[in-house]
>>> print(open('entry-v8.txt').read())   # compact mmCIF, C-alpha atoms and all ligand atoms
# COMPACT_ATOMS: atom_id res chain seq x y z
CA MET A 161 0.00 0.00 0.00
CA ARG A 162 1.35 3.48 -0.94
CA ILE A 163 0.15 6.38 1.17
CA LEU A 164 0.69 10.05 0.42
CA ILE A 165 0.94 12.23 3.53
CA VAL A 166 0.38 15.91 2.85
CA GLY A 167 2.18 17.85 5.60
CA GLY A 168 5.40 16.96 7.43
CA GLY A 169 4.45 18.37 10.83
CA PRO A 170 3.96 16.39 14.07
CA ALA A 171 0.95 14.45 12.70
CA GLY A 172 2.46 13.66 9.28
CA LEU A 173 5.89 12.64 10.54
CA THR A 174 4.50 10.50 13.37
CA PHE A 175 2.10 8.84 10.91
CA ALA A 176 5.00 8.06 8.57
CA ALA A 177 7.02 6.56 11.45
CA CYS A 178 4.04 4.39 12.48
CA LEU A 179 3.34 3.23 8.89
CA LEU A 180 6.99 2.20 8.45
CA ARG A 181 6.70 -0.04 11.53
CA HIS A 182 3.90 -1.88 9.71
CA GLY A 183 5.84 -2.15 6.47
CA ILE A 184 3.59 0.38 4.68
CA GLU A 185 5.23 2.78 2.24
CA PRO A 186 4.62 6.48 2.98
CA VAL A 187 5.61 9.53 0.91
CA ILE A 188 5.47 13.00 2.50
CA VAL A 189 5.00 16.31 0.71
CA GLU A 190 5.75 19.36 2.84
CA LYS A 191 5.05 22.87 1.66
CA ALA A 192 7.83 24.47 3.72
CA ALA A 193 11.52 24.41 2.90
CA HIS A 194 13.54 21.88 4.91
CA GLY A 195 14.16 23.15 8.43
CA ARG A 196 11.38 25.73 8.41
CA THR A 197 9.23 25.11 11.47
CA GLY A 198 7.22 27.03 14.04
CA GLY A 199 9.36 28.83 16.61
CA TYR A 200 7.31 27.83 19.62
CA SER A 201 7.43 25.24 22.36
CA ILE A 202 5.13 22.25 22.51
CA GLY A 203 4.42 19.84 25.33
CA LEU A 204 4.51 16.06 25.14
CA HIS A 205 1.79 14.56 27.35
CA VAL A 206 0.46 11.10 28.09
CA ASN A 207 -0.90 10.13 24.66
CA GLY A 208 2.09 11.48 22.76
CA TRP A 209 4.44 9.98 25.31
CA ARG A 210 3.02 6.50 24.81
CA VAL A 211 3.41 6.81 21.04
CA ALA A 212 6.98 8.08 21.52
CA GLU A 213 7.66 5.00 23.69
CA LYS A 214 6.30 2.70 20.99
CA LEU A 215 8.51 4.41 18.40
CA GLY A 216 11.54 4.28 20.71
CA LEU A 217 11.96 8.06 20.60
CA VAL A 218 11.53 9.10 24.26
CA GLU A 219 15.27 9.45 24.92
CA ALA A 220 15.79 11.45 21.72
CA PHE A 221 13.01 13.86 22.77
CA ARG A 222 14.39 14.04 26.32
CA GLU A 223 17.83 15.03 25.02
CA LYS A 224 16.33 18.09 23.32
CA ALA A 225 13.80 18.95 26.05
CA MET A 226 13.59 22.42 27.57
CA PRO A 227 14.43 22.83 31.27
CA LEU A 228 11.42 22.55 33.61
CA GLY A 229 11.40 24.81 36.68
CA LEU A 230 9.55 27.73 38.20
CA ALA A 231 6.91 29.77 36.38
CA HIS A 232 6.36 33.32 37.64
CA HIS A 233 3.27 35.30 36.69
CA ARG A 234 3.08 39.09 36.95
CA ASP A 235 0.59 41.81 36.14
CA ARG A 236 1.18 44.27 33.28
CA HIS A 237 3.16 46.54 35.59
CA GLY A 238 5.55 43.70 36.41
CA ARG A 239 4.17 43.16 39.94
CA LYS A 240 4.26 39.56 41.14
CA LEU A 241 0.93 37.70 41.07
CA PHE A 242 1.78 34.04 41.68
CA SER A 243 4.25 31.24 40.95
CA TYR A 244 4.20 27.48 40.53
CA ASP A 245 6.64 24.77 39.59
CA TYR A 246 6.45 22.85 36.29
CA ARG A 247 8.32 20.01 37.99
CA THR A 248 5.21 19.38 40.12
CA LEU A 249 3.22 18.91 36.91
CA ALA A 250 5.83 16.49 35.61
CA GLU A 251 5.78 14.55 38.91
CA ALA A 252 1.97 14.26 38.68
CA ALA A 253 2.43 12.74 35.22
CA ASP A 254 4.98 10.29 36.71
CA GLY A 255 7.73 12.03 34.76
CA ARG A 256 6.00 11.43 31.42
CA LEU A 257 5.85 15.05 30.38
CA LEU A 258 8.29 17.34 28.63
CA ALA A 259 8.43 20.62 26.77
CA ILE A 260 10.41 20.83 23.55
CA MET A 261 10.84 23.36 20.75
CA ARG A 262 8.76 22.34 17.77
CA GLN A 263 11.74 22.36 15.44
CA ASP A 264 13.67 19.98 17.74
CA PHE A 265 10.63 17.73 17.97
CA GLN A 266 10.39 17.59 14.17
CA GLU A 267 14.12 17.00 13.81
CA VAL A 268 13.87 13.85 15.96
CA LEU A 269 10.98 12.50 13.91
CA THR A 270 12.53 13.47 10.57
CA THR A 271 15.73 11.65 11.50
CA ALA A 272 13.64 8.59 12.42
CA VAL A 273 11.80 8.38 9.09
CA GLN A 274 13.86 10.03 6.36
CA GLU A 275 15.87 6.96 5.39
CA ASN A 276 12.76 5.01 4.42
CA CYS A 277 10.26 7.72 3.64
CA PRO A 278 10.79 10.25 0.83
CA ILE A 279 10.06 13.79 2.05
CA ARG A 280 9.49 16.24 -0.80
CA TYR A 281 9.97 19.75 0.60
CA GLU A 282 8.63 22.96 -0.92
CA THR A 283 5.81 21.19 -2.67
CA THR A 284 2.13 20.53 -2.22
CA VAL A 285 -0.86 18.98 -3.96
CA ILE A 286 -3.07 20.96 -6.28
CA SER A 287 -5.60 18.29 -7.21
CA LEU A 288 -6.79 14.95 -5.84
CA GLU A 289 -8.98 12.62 -7.92
CA ASP A 290 -10.35 9.59 -6.11
CA ASP A 291 -11.76 7.07 -8.63
CA GLY A 292 -12.66 4.48 -5.99
CA SER A 293 -9.61 2.26 -6.48
CA GLY A 294 -6.91 4.90 -5.93
CA VAL A 295 -6.20 8.62 -5.83
CA ASP A 296 -4.55 10.47 -8.74
CA VAL A 297 -2.52 13.35 -7.36
CA THR A 298 -1.20 16.40 -9.20
CA PHE A 299 1.62 18.22 -7.45
CA PHE A 300 2.47 21.89 -7.50
CA ASP A 301 5.33 21.32 -9.98
CA GLY A 302 2.90 19.66 -12.43
CA SER A 303 4.09 16.08 -11.78
CA ARG A 304 1.48 13.35 -11.17
CA ASP A 305 1.38 10.16 -9.15
CA ARG A 306 -1.16 7.60 -7.90
CA PHE A 307 -1.64 6.44 -4.30
CA ASP A 308 -3.88 3.98 -2.46
CA LEU A 309 -4.68 6.59 0.19
CA VAL A 310 -4.03 10.30 0.78
CA VAL A 311 -3.87 11.68 4.32
CA GLY A 312 -4.10 15.42 4.90
CA ALA A 313 -1.85 16.21 7.86
CA ASP A 314 -1.45 19.79 6.70
CA GLY A 315 -2.64 21.62 9.77
CA TYR A 316 -5.24 24.18 10.74
CA ARG A 317 -5.48 25.75 7.27
CA SER A 318 -5.43 22.38 5.49
CA SER A 319 -5.39 22.41 1.68
CA VAL A 320 -6.52 18.77 1.52
CA ARG A 321 -9.57 19.69 3.58
CA ALA A 322 -10.28 22.65 1.31
CA LEU A 323 -9.86 20.56 -1.86
CA VAL A 324 -11.97 17.59 -0.76
CA PHE A 325 -14.21 18.49 2.17
CA GLY A 326 -15.08 22.17 1.69
CA PRO A 327 -13.89 25.73 2.35
CA HIS A 328 -11.91 26.52 5.53
CA GLU A 329 -14.69 28.70 6.98
CA THR A 330 -17.21 25.80 6.92
CA PHE A 331 -15.28 23.97 9.63
CA LEU A 332 -14.17 26.89 11.76
CA ARG A 333 -15.18 27.40 15.38
CA PRO A 334 -13.53 30.70 16.37
CA LEU A 335 -12.81 31.07 20.07
CA GLY A 336 -12.47 34.85 19.93
CA TYR A 337 -8.69 35.25 20.33
CA ARG A 338 -5.58 35.81 18.29
CA ALA A 339 -2.20 34.42 19.28
CA SER A 340 1.41 34.88 18.28
CA ALA A 341 4.61 33.02 19.12
CA TRP A 342 8.22 33.52 18.03
CA ARG A 343 11.74 32.96 19.29
CA VAL A 344 13.97 35.67 20.77
CA ARG A 345 17.64 35.84 21.75
CA LEU A 346 17.90 36.83 25.41
CA THR A 347 20.25 39.58 26.54
CA LYS A 348 20.05 38.20 30.07
CA PRO A 349 18.64 34.91 31.42
CA LEU A 350 14.96 34.88 32.44
CA GLY A 351 15.89 33.23 35.76
CA ALA A 352 12.87 30.89 35.54
CA SER A 353 11.30 28.39 33.19
CA PHE A 354 8.58 30.86 32.36
CA ILE A 355 7.89 34.53 32.97
CA GLY A 356 4.25 35.32 32.22
CA MET A 357 2.28 38.54 32.38
CA MET A 358 -1.43 39.11 32.23
CA ASP A 359 -4.01 41.81 31.99
CA VAL A 360 -7.72 41.84 31.25
CA ASP A 361 -8.18 40.13 27.84
CA HIS A 362 -4.42 39.55 27.52
CA GLN A 363 -1.91 36.86 28.43
CA GLY A 364 1.73 36.58 27.34
CA GLY A 365 5.15 35.41 28.32
CA LEU A 366 8.52 33.86 27.58
CA TYR A 367 9.72 30.29 28.08
CA THR A 368 13.41 29.53 28.65
CA VAL A 369 14.64 27.26 25.84
CA GLY A 370 18.02 26.61 27.46
CA ASP A 371 20.33 27.85 24.68
CA GLY A 372 20.24 31.61 25.35
CA THR A 373 16.93 32.00 23.56
CA ALA A 374 13.31 32.12 24.72
CA ALA A 375 10.07 31.05 23.09
CA THR A 376 7.33 33.65 23.37
CA LEU A 377 3.58 33.07 23.47
CA PHE A 378 1.06 35.90 23.42
CA CYS A 379 -2.73 35.63 23.27
CA TRP A 380 -5.39 38.33 23.37
CA ARG A 381 -9.10 38.74 22.82
CA ASP A 382 -9.98 39.56 19.21
CA GLU A 383 -13.18 38.37 17.58
CA ARG A 384 -11.97 38.94 14.00
CA THR A 385 -10.94 35.93 11.93
CA ASP A 386 -9.23 37.66 8.99
CA ARG A 387 -5.55 36.85 8.35
CA LEU A 388 -3.09 39.65 8.92
CA ASP A 389 -0.09 39.97 6.65
CA PRO A 390 3.34 40.12 8.30
CA ASP A 391 3.62 43.93 7.95
CA ALA A 392 0.49 44.45 10.04
CA ARG A 393 1.35 41.96 12.77
CA ARG A 394 3.99 43.89 14.68
CA ALA A 395 1.72 46.94 14.88
CA VAL A 396 -1.03 44.79 16.41
CA LEU A 397 1.41 43.27 18.92
CA GLN A 398 2.62 46.78 19.84
CA GLN A 399 -0.92 47.99 20.26
CA GLU A 400 -1.86 45.06 22.52
CA PHE A 401 1.37 44.59 24.52
CA GLY A 402 3.55 47.62 23.73
CA HIS A 403 3.16 49.15 27.20
CA TRP A 404 4.27 45.99 29.07
CA PRO A 405 7.66 45.99 30.87
CA GLU A 406 10.62 43.60 30.50
CA PRO A 407 11.05 40.87 29.42
CA VAL A 408 8.06 41.46 27.11
CA ALA A 409 9.33 44.87 25.98
CA SER A 410 12.54 43.41 24.50
CA ALA A 411 10.66 40.51 22.91
CA LEU A 412 8.39 42.95 21.09
CA THR A 413 11.27 44.94 19.65
CA SER A 414 13.33 41.87 18.65
CA ALA A 415 13.60 40.78 15.02
CA ILE A 416 10.77 38.42 14.10
CA ASP A 417 11.14 36.03 11.17
CA TRP A 418 7.49 35.41 10.30
CA ASP A 419 8.42 32.34 8.19
CA GLN A 420 9.52 30.66 11.43
CA SER A 421 6.87 32.14 13.71
CA PHE A 422 3.19 31.91 14.47
CA PHE A 423 0.49 34.54 14.19
CA ASP A 424 -3.13 33.48 13.65
CA THR A 425 -6.64 33.42 15.01
CA VAL A 426 -7.39 30.87 17.70
CA SER A 427 -10.09 28.65 16.21
CA GLN A 428 -10.97 25.01 16.45
CA ILE A 429 -11.69 22.82 13.44
CA GLU A 430 -14.83 20.71 13.51
CA VAL A 431 -15.23 18.28 10.60
CA PRO A 432 -18.27 15.95 10.89
CA ARG A 433 -16.40 13.08 9.25
CA TRP A 434 -12.63 12.82 8.86
CA SER A 435 -12.57 10.80 5.65
CA LYS A 436 -14.15 10.72 2.21
CA GLY A 437 -13.41 7.64 0.12
CA ARG A 438 -9.64 7.21 0.03
CA ILE A 439 -8.81 10.64 1.47
CA ALA A 440 -8.57 11.23 5.21
CA LEU A 441 -7.63 14.01 7.63
CA LEU A 442 -5.33 13.74 10.64
CA GLY A 443 -4.19 16.12 13.40
CA ASP A 444 -4.99 19.83 13.29
CA SER A 445 -6.46 19.55 9.79
CA ALA A 446 -9.16 17.26 11.20
CA TRP A 447 -9.67 18.61 14.71
CA CYS A 448 -7.40 21.52 15.68
CA LEU A 449 -7.78 21.78 19.48
CA THR A 450 -5.81 25.08 19.58
CA PHE A 451 -2.76 25.61 21.78
CA LEU A 452 -5.05 26.34 24.75
CA ALA A 453 -5.38 22.65 25.62
CA GLY A 454 -1.61 22.11 25.29
CA GLN A 455 -2.45 18.67 23.88
CA GLY A 456 -2.58 19.16 20.10
CA THR A 457 0.72 17.42 19.40
CA SER A 458 0.03 14.44 21.64
CA THR A 459 -3.47 14.02 20.22
CA ALA A 460 -2.12 14.18 16.67
CA MET A 461 0.47 11.52 17.57
CA ALA A 462 -2.19 9.24 19.07
CA GLY A 463 -4.34 9.68 15.94
CA ALA A 464 -1.36 8.86 13.73
CA TYR A 465 -0.57 5.72 15.69
CA ILE A 466 -4.16 4.48 15.65
CA LEU A 467 -4.74 5.24 11.96
CA ALA A 468 -1.55 3.39 10.96
CA ALA A 469 -2.45 0.38 13.13
CA GLU A 470 -5.96 0.22 11.66
CA LEU A 471 -4.66 0.44 8.08
CA ALA A 472 -2.19 -2.35 8.79
CA ARG A 473 -4.98 -4.67 9.88
CA LYS A 474 -8.02 -3.77 7.79
CA GLY A 475 -9.18 -2.54 4.39
CA HIS A 476 -9.25 1.25 4.12
CA VAL A 477 -13.05 1.60 4.56
CA GLU A 478 -13.15 -0.31 7.83
CA ALA A 479 -9.83 1.16 9.00
CA LEU A 480 -10.98 4.75 8.52
CA GLU A 481 -14.22 4.00 10.37
CA SER A 482 -12.37 2.43 13.32
CA TYR A 483 -9.87 5.33 13.42
CA GLU A 484 -12.73 7.81 13.69
CA ALA A 485 -14.60 5.76 16.30
CA ARG A 486 -11.48 5.43 18.47
CA MET A 487 -10.33 9.05 18.22
CA ARG A 488 -13.61 11.02 18.19
CA PRO A 489 -14.39 10.77 21.96
CA LEU A 490 -10.90 12.04 22.92
CA VAL A 491 -11.06 14.88 20.40
CA THR A 492 -14.55 15.97 21.50
CA LYS A 493 -13.44 16.01 25.13
CA MET A 494 -10.21 17.91 24.45
CA GLN A 495 -11.98 20.51 22.30
CA ALA A 496 -14.34 21.17 25.23
CA VAL A 497 -11.39 21.34 27.67
CA SER A 498 -9.62 23.77 25.35
CA ARG A 499 -12.65 26.10 25.16
CA ASN A 500 -13.00 25.95 28.93
CA ILE A 501 -9.31 26.72 29.52
CA GLY A 502 -9.53 29.65 27.09
CA SER A 503 -12.29 31.33 29.06
CA HIS A 504 -10.12 31.27 32.24
CA TYR A 505 -6.63 31.60 30.74
CA ILE A 506 -7.48 34.97 29.18
CA PRO A 507 -8.94 36.87 32.16
CA GLN A 508 -12.17 38.64 31.24
CA SER A 509 -12.08 41.13 34.15
CA THR A 510 -9.88 42.34 36.99
CA PHE A 511 -11.88 40.02 39.24
CA GLY A 512 -11.10 37.11 36.85
CA MET A 513 -7.42 37.97 37.08
CA ARG A 514 -7.48 38.03 40.88
CA LEU A 515 -9.40 34.75 40.95
CA GLN A 516 -6.86 33.12 38.61
CA SER A 517 -3.97 34.43 40.74
CA TRP A 518 -5.54 32.96 43.85
CA LEU A 519 -6.79 29.67 42.40
CA LEU A 520 -4.00 28.57 40.04
CA PRO A 521 -1.21 28.20 42.63
CA ILE A 522 -3.58 26.14 44.76
CA MET A 523 -4.74 23.97 41.85
CA LEU A 524 -1.13 23.43 40.73
CA SER A 525 0.22 22.75 44.22
CA ARG A 526 1.47 19.29 45.15
CA PRO A 527 -1.61 18.19 47.19
CA LEU A 528 -4.07 19.11 44.40
CA ILE A 529 -2.07 18.62 41.21
CA ARG A 530 -3.31 15.10 40.48
CA PHE A 531 -6.94 16.23 40.84
CA THR A 532 -6.30 19.24 38.56
CA SER A 533 -4.56 17.06 35.97
CA SER A 534 -7.48 14.63 35.98
CA ARG A 535 -9.81 17.51 35.05
CA LEU A 536 -7.66 19.20 32.41
CA ALA A 537 -5.29 16.61 30.95
CA ALA A 538 -6.25 14.28 28.12
CA PRO A 539 -7.41 10.84 29.26
CA PRO A 540 -5.10 8.10 27.95
CA VAL A 541 -6.57 6.75 24.71
CA ALA A 542 -6.29 3.00 24.06
CA ILE A 543 -3.61 2.88 21.37
CA ASP A 544 -3.14 -0.88 21.26
C1 LIG B 601 1.79 28.80 19.70
C2 LIG B 601 1.42 27.35 19.81
C3 LIG B 601 1.73 26.64 20.95
C4 LIG B 601 1.37 25.30 21.04
N1 LIG B 601 1.67 24.60 22.18
C5 LIG B 601 1.36 23.30 22.25
C6 LIG B 601 1.74 22.54 23.39
O1 LIG B 601 2.31 23.03 24.36
N2 LIG B 601 1.44 21.21 23.39
C7 LIG B 601 0.82 20.62 22.35
O2 LIG B 601 0.58 19.40 22.38
N3 LIG B 601 0.42 21.31 21.27
C8 LIG B 601 0.69 22.63 21.19
N4 LIG B 601 0.31 23.35 20.09
C9 LIG B 601 -0.50 22.69 19.05
C10 LIG B 601 0.37 21.88 18.14
O3 LIG B 601 1.41 22.67 17.60
C11 LIG B 601 -0.49 21.31 17.03
O4 LIG B 601 -1.63 20.68 17.55
C12 LIG B 601 0.30 20.29 16.25
O5 LIG B 601 1.43 20.93 15.70
C13 LIG B 601 -0.54 19.68 15.16
O6 LIG B 601 0.29 19.01 14.28
P1 LIG B 601 -0.14 18.80 12.75
O7 LIG B 601 0.98 18.08 12.15
O8 LIG B 601 -1.51 18.26 12.70
O9 LIG B 601 -0.28 20.28 12.13
P2 LIG B 601 0.82 21.39 11.97
O10 LIG B 601 1.66 21.46 13.16
O11 LIG B 601 0.10 22.62 11.54
O12 LIG B 601 1.73 20.88 10.77
C14 LIG B 601 1.23 20.89 9.46
C15 LIG B 601 2.39 20.73 8.50
O13 LIG B 601 1.86 20.72 7.18
C16 LIG B 601 2.54 21.65 6.38
N5 LIG B 601 1.59 22.13 5.37
C17 LIG B 601 0.61 23.04 5.52
N6 LIG B 601 -0.08 23.19 4.40
C18 LIG B 601 0.50 22.36 3.48
C19 LIG B 601 0.22 22.05 2.15
N7 LIG B 601 -0.77 22.65 1.48
N8 LIG B 601 0.98 21.13 1.51
C20 LIG B 601 2.01 20.51 2.17
N9 LIG B 601 2.32 20.78 3.45
C21 LIG B 601 1.56 21.67 4.11
C22 LIG B 601 3.03 22.72 7.32
O14 LIG B 601 4.14 23.43 6.81
C23 LIG B 601 3.38 21.88 8.56
O15 LIG B 601 4.68 21.37 8.47
C24 LIG B 601 0.66 24.69 19.98
C25 LIG B 601 0.36 25.41 18.83
C26 LIG B 601 0.73 26.73 18.75
C27 LIG B 601 0.37 27.49 17.50
>>> encode(input="entry-v8.txt", output="structure tokens")
Amino acid sequence: MRILIVGGGPAGLTFAACLLRHGIEPVIVEKAAHGRTGGYSIGLHVNGWRVAEKLGLVEAFREKAMPLGLAHHRDRHGRKLFSYDYRTLAEAADGRLLAIMRQDFQEVLTTAVQENCPIRYETTVISLEDDGSGVDVTFFDGSRDRFDLVVGADGYRSSVRALVFGPHETFLRPLGYRASAWRVRLTKPLGASFIGMMDVDHQGGLYTVGDGTAATLFCWRDERTDRLDPDARRAVLQQEFGHWPEPVASALTSAIDWDQSFFDTVSQIEVPRWSKGRIALLGDSAWCLTFLAGQGTSTAMAGAYILAAELARKGHVEALESYEARMRPLVTKMQAVSRNIGSHYIPQSTFGMRLQSWLLPIMLSRPLIRFTSSRLAAPPVAID
């Protein structure tokens, strides 16, 4: 069986690694140039961890993991609000949790698959014709090929979804925020794993990467869903966060390479069915949870593992049905968790900010952390 994977992100690369274990031949097309990846940090949680264990990649991820330590939160004047310790979260997950820069994460997976899986960078698909017994694919450079199955792992703004399932807007559930994330070189160490600041309708901060750089993450209320071009983005960031003190002030004036960075609306993707004939969706293209749940990567990895296992055992019709039946409950739950987190994470009032400052350190303290995790973390999905 030959499978075309459109998108070489966390979902596509994990899917390729899982298919190779079953002796199935994947080909990846990735629109970006080699090495171009999002400059933000992602977390590996229970479902992703179990897939990483199956693929024998835990140690490789650990070697590139970011340091876990204290997180300090301040108000927009730089006054201390509260602190907690990421190591307590890791302990509650029995050590099966890590934070890693997305590009490091992808490097580990790329190294694992590239010998046996062709990855065609800087290309994409422009047409997909499913005649019932295979899919004829036309690529951006005009070349053509035929595959038994095509899997769209091309993210939130999926082209496969747009070509086969319908326009982007049809599947969009906007949560009412925009977010941006990029990487900055630090002039002095942050002195903590994370320095966060918040204000009504705003949340932002910097994560220590461990190599003299930091990963930023900013989120603010904005109901609009139009895309802003790179020239307009810095002005918006200045308008929303320009009056905040260090370390945010320096991050805002640093050089931002928008090819390597993230700036978009925060919206979930809801597709009633993740496959049509021999074309299927996986990861953010099928169910984008948004970064608010902190589980998008792990959920994509679990989906990749399950889809590959089903395809190894069954014909594509039955396999795609089983994949959907096994993944849908987890995705529905995590989309609800993500919406719920969003409404607290971005404080809607000064009272909301005070409440968060009072509640979060208690919820994330050692005596309560397991209870908190059970409410917010993804339940382990049966991957075997
Ligand atoms: C700021 C931020 C912070 C996050 N933090 C976390 C976190 O802490 N923990 C967590 O688990 N998740 C986090 N996430 C979510 C996580 O990044 C996503 O859920 C995950 O990356 C989904 O993987 P994916 O492969 O489905 O999609 P993507 O990561 O979007 O990858 C899609 C890939 O497809 C490529 N592509 C796109 N269009 C085409 C095309 N037409 N043709 C070919 N290739 C194409 C892209 O270049 C990309 O390589 C965060 C997301 C953001 C934006």
>>> residues_around(input="entry-v8.txt", residues="range 333-339 of chain A", least_positions_apart="4", cutoff="7 Å", atoms="only C-alpha atoms", output="list in words")
Phe378, Cys379, Trp380, Arg381, Asp382, Glu383, Phe423, Asp424, Thr425, Val426, Ser427, Gln428, Ile429 and Glu430 of chain A
>>> residues_near_ligand(input="entry-v8.txt", ligand="ligand LIG 601 (chain B)", cutoff="8 Å", atoms="only C-alpha atoms and all ligand atoms", output="mmCIF file with C-alpha atoms, in the coordinates of the input")
data_model
loop_
_atom_site.group_PDB
_atom_site.id
_atom_site.type_symbol
_atom_site.label_atom_id
_atom_site.label_comp_id
_atom_site.auth_asym_id
_atom_site.auth_seq_id
_atom_site.Cartn_x
_atom_site.Cartn_y
_atom_site.Cartn_z
ATOM 1 C CA VAL A 166 0.380 15.910 2.850
ATOM 2 C CA GLY A 167 2.180 17.850 5.600
ATOM 3 C CA GLY A 168 5.400 16.960 7.430
ATOM 4 C CA GLY A 169 4.450 18.370 10.830
ATOM 5 C CA PRO A 170 3.960 16.390 14.070
ATOM 6 C CA ALA A 171 0.950 14.450 12.700
ATOM 7 C CA GLY A 172 2.460 13.660 9.280
ATOM 8 C CA LEU A 173 5.890 12.640 10.540
ATOM 9 C CA VAL A 189 5.000 16.310 0.710
ATOM 10 C CA GLU A 190 5.750 19.360 2.840
ATOM 11 C CA LYS A 191 5.050 22.870 1.660
ATOM 12 C CA ALA A 192 7.830 24.470 3.720
ATOM 13 C CA ARG A 196 11.380 25.730 8.410
ATOM 14 C CA THR A 197 9.230 25.110 11.470
ATOM 15 C CA GLY A 198 7.220 27.030 14.040
ATOM 16 C CA TYR A 200 7.310 27.830 19.620
ATOM 17 C CA SER A 201 7.430 25.240 22.360
ATOM 18 C CA ILE A 202 5.130 22.250 22.510
ATOM 19 C CA GLY A 203 4.420 19.840 25.330
ATOM 20 C CA LEU A 204 4.510 16.060 25.140
ATOM 21 C CA HIS A 205 1.790 14.560 27.350
ATOM 22 C CA ALA A 259 8.430 20.620 26.770
ATOM 23 C CA ARG A 262 8.760 22.340 17.770
ATOM 24 C CA GLU A 282 8.630 22.960 -0.920
ATOM 25 C CA THR A 283 5.810 21.190 -2.670
ATOM 26 C CA THR A 284 2.130 20.530 -2.220
ATOM 27 C CA VAL A 285 -0.860 18.980 -3.960
ATOM 28 C CA ALA A 313 -1.850 16.210 7.860
ATOM 29 C CA ASP A 314 -1.450 19.790 6.700
ATOM 30 C CA GLY A 315 -2.640 21.620 9.770
ATOM 31 C CA TYR A 316 -5.240 24.180 10.740
ATOM 32 C CA ARG A 317 -5.480 25.750 7.270
ATOM 33 C CA SER A 318 -5.430 22.380 5.490
ATOM 34 C CA SER A 319 -5.390 22.410 1.680
ATOM 35 C CA VAL A 320 -6.520 18.770 1.520
ATOM 36 C CA ALA A 339 -2.200 34.420 19.280
ATOM 37 C CA SER A 340 1.410 34.880 18.280
ATOM 38 C CA ALA A 341 4.610 33.020 19.120
ATOM 39 C CA LEU A 377 3.580 33.070 23.470
ATOM 40 C CA PHE A 422 3.190 31.910 14.470
ATOM 41 C CA PHE A 423 0.490 34.540 14.190
ATOM 42 C CA ASP A 424 -3.130 33.480 13.650
ATOM 43 C CA LEU A 442 -5.330 13.740 10.640
ATOM 44 C CA GLY A 443 -4.190 16.120 13.400
ATOM 45 C CA ASP A 444 -4.990 19.830 13.290
ATOM 46 C CA SER A 445 -6.460 19.550 9.790
ATOM 47 C CA ALA A 446 -9.160 17.260 11.200
ATOM 48 C CA CYS A 448 -7.400 21.520 15.680
ATOM 49 C CA LEU A 449 -7.780 21.780 19.480
ATOM 50 C CA THR A 450 -5.810 25.080 19.580
ATOM 51 C CA PHE A 451 -2.760 25.610 21.780
ATOM 52 C CA LEU A 452 -5.050 26.340 24.750
ATOM 53 C CA ALA A 453 -5.380 22.650 25.620
ATOM 54 C CA GLY A 454 -1.610 22.110 25.290
ATOM 55 C CA GLN A 455 -2.450 18.670 23.880
ATOM 56 C CA GLY A 456 -2.580 19.160 20.100
ATOM 57 C CA THR A 457 0.720 17.420 19.400
ATOM 58 C CA SER A 458 0.030 14.440 21.640
ATOM 59 C CA THR A 459 -3.470 14.020 20.220
ATOM 60 C CA ALA A 460 -2.120 14.180 16.670
#
>>> atom_distance(input="entry-v8.txt", atom1="CA of Val408 in chain A", atom2="CA of Gly238 in chain A")
9.9 Å
>>> closest_residue(input="entry-v8.txt", among="A:Tyr465, A:Trp447, A:Tyr246, A:Tyr367", to="Lys214 in chain A", atoms="all atoms listed in the file")
A:Tyr465
>>> closest_residue(input="entry-v8.txt", among="A:Val187, A:Ala225, A:Ile416, A:Met494", to="Pro540 in chain A", atoms="all atoms listed in the file")
A:Met494
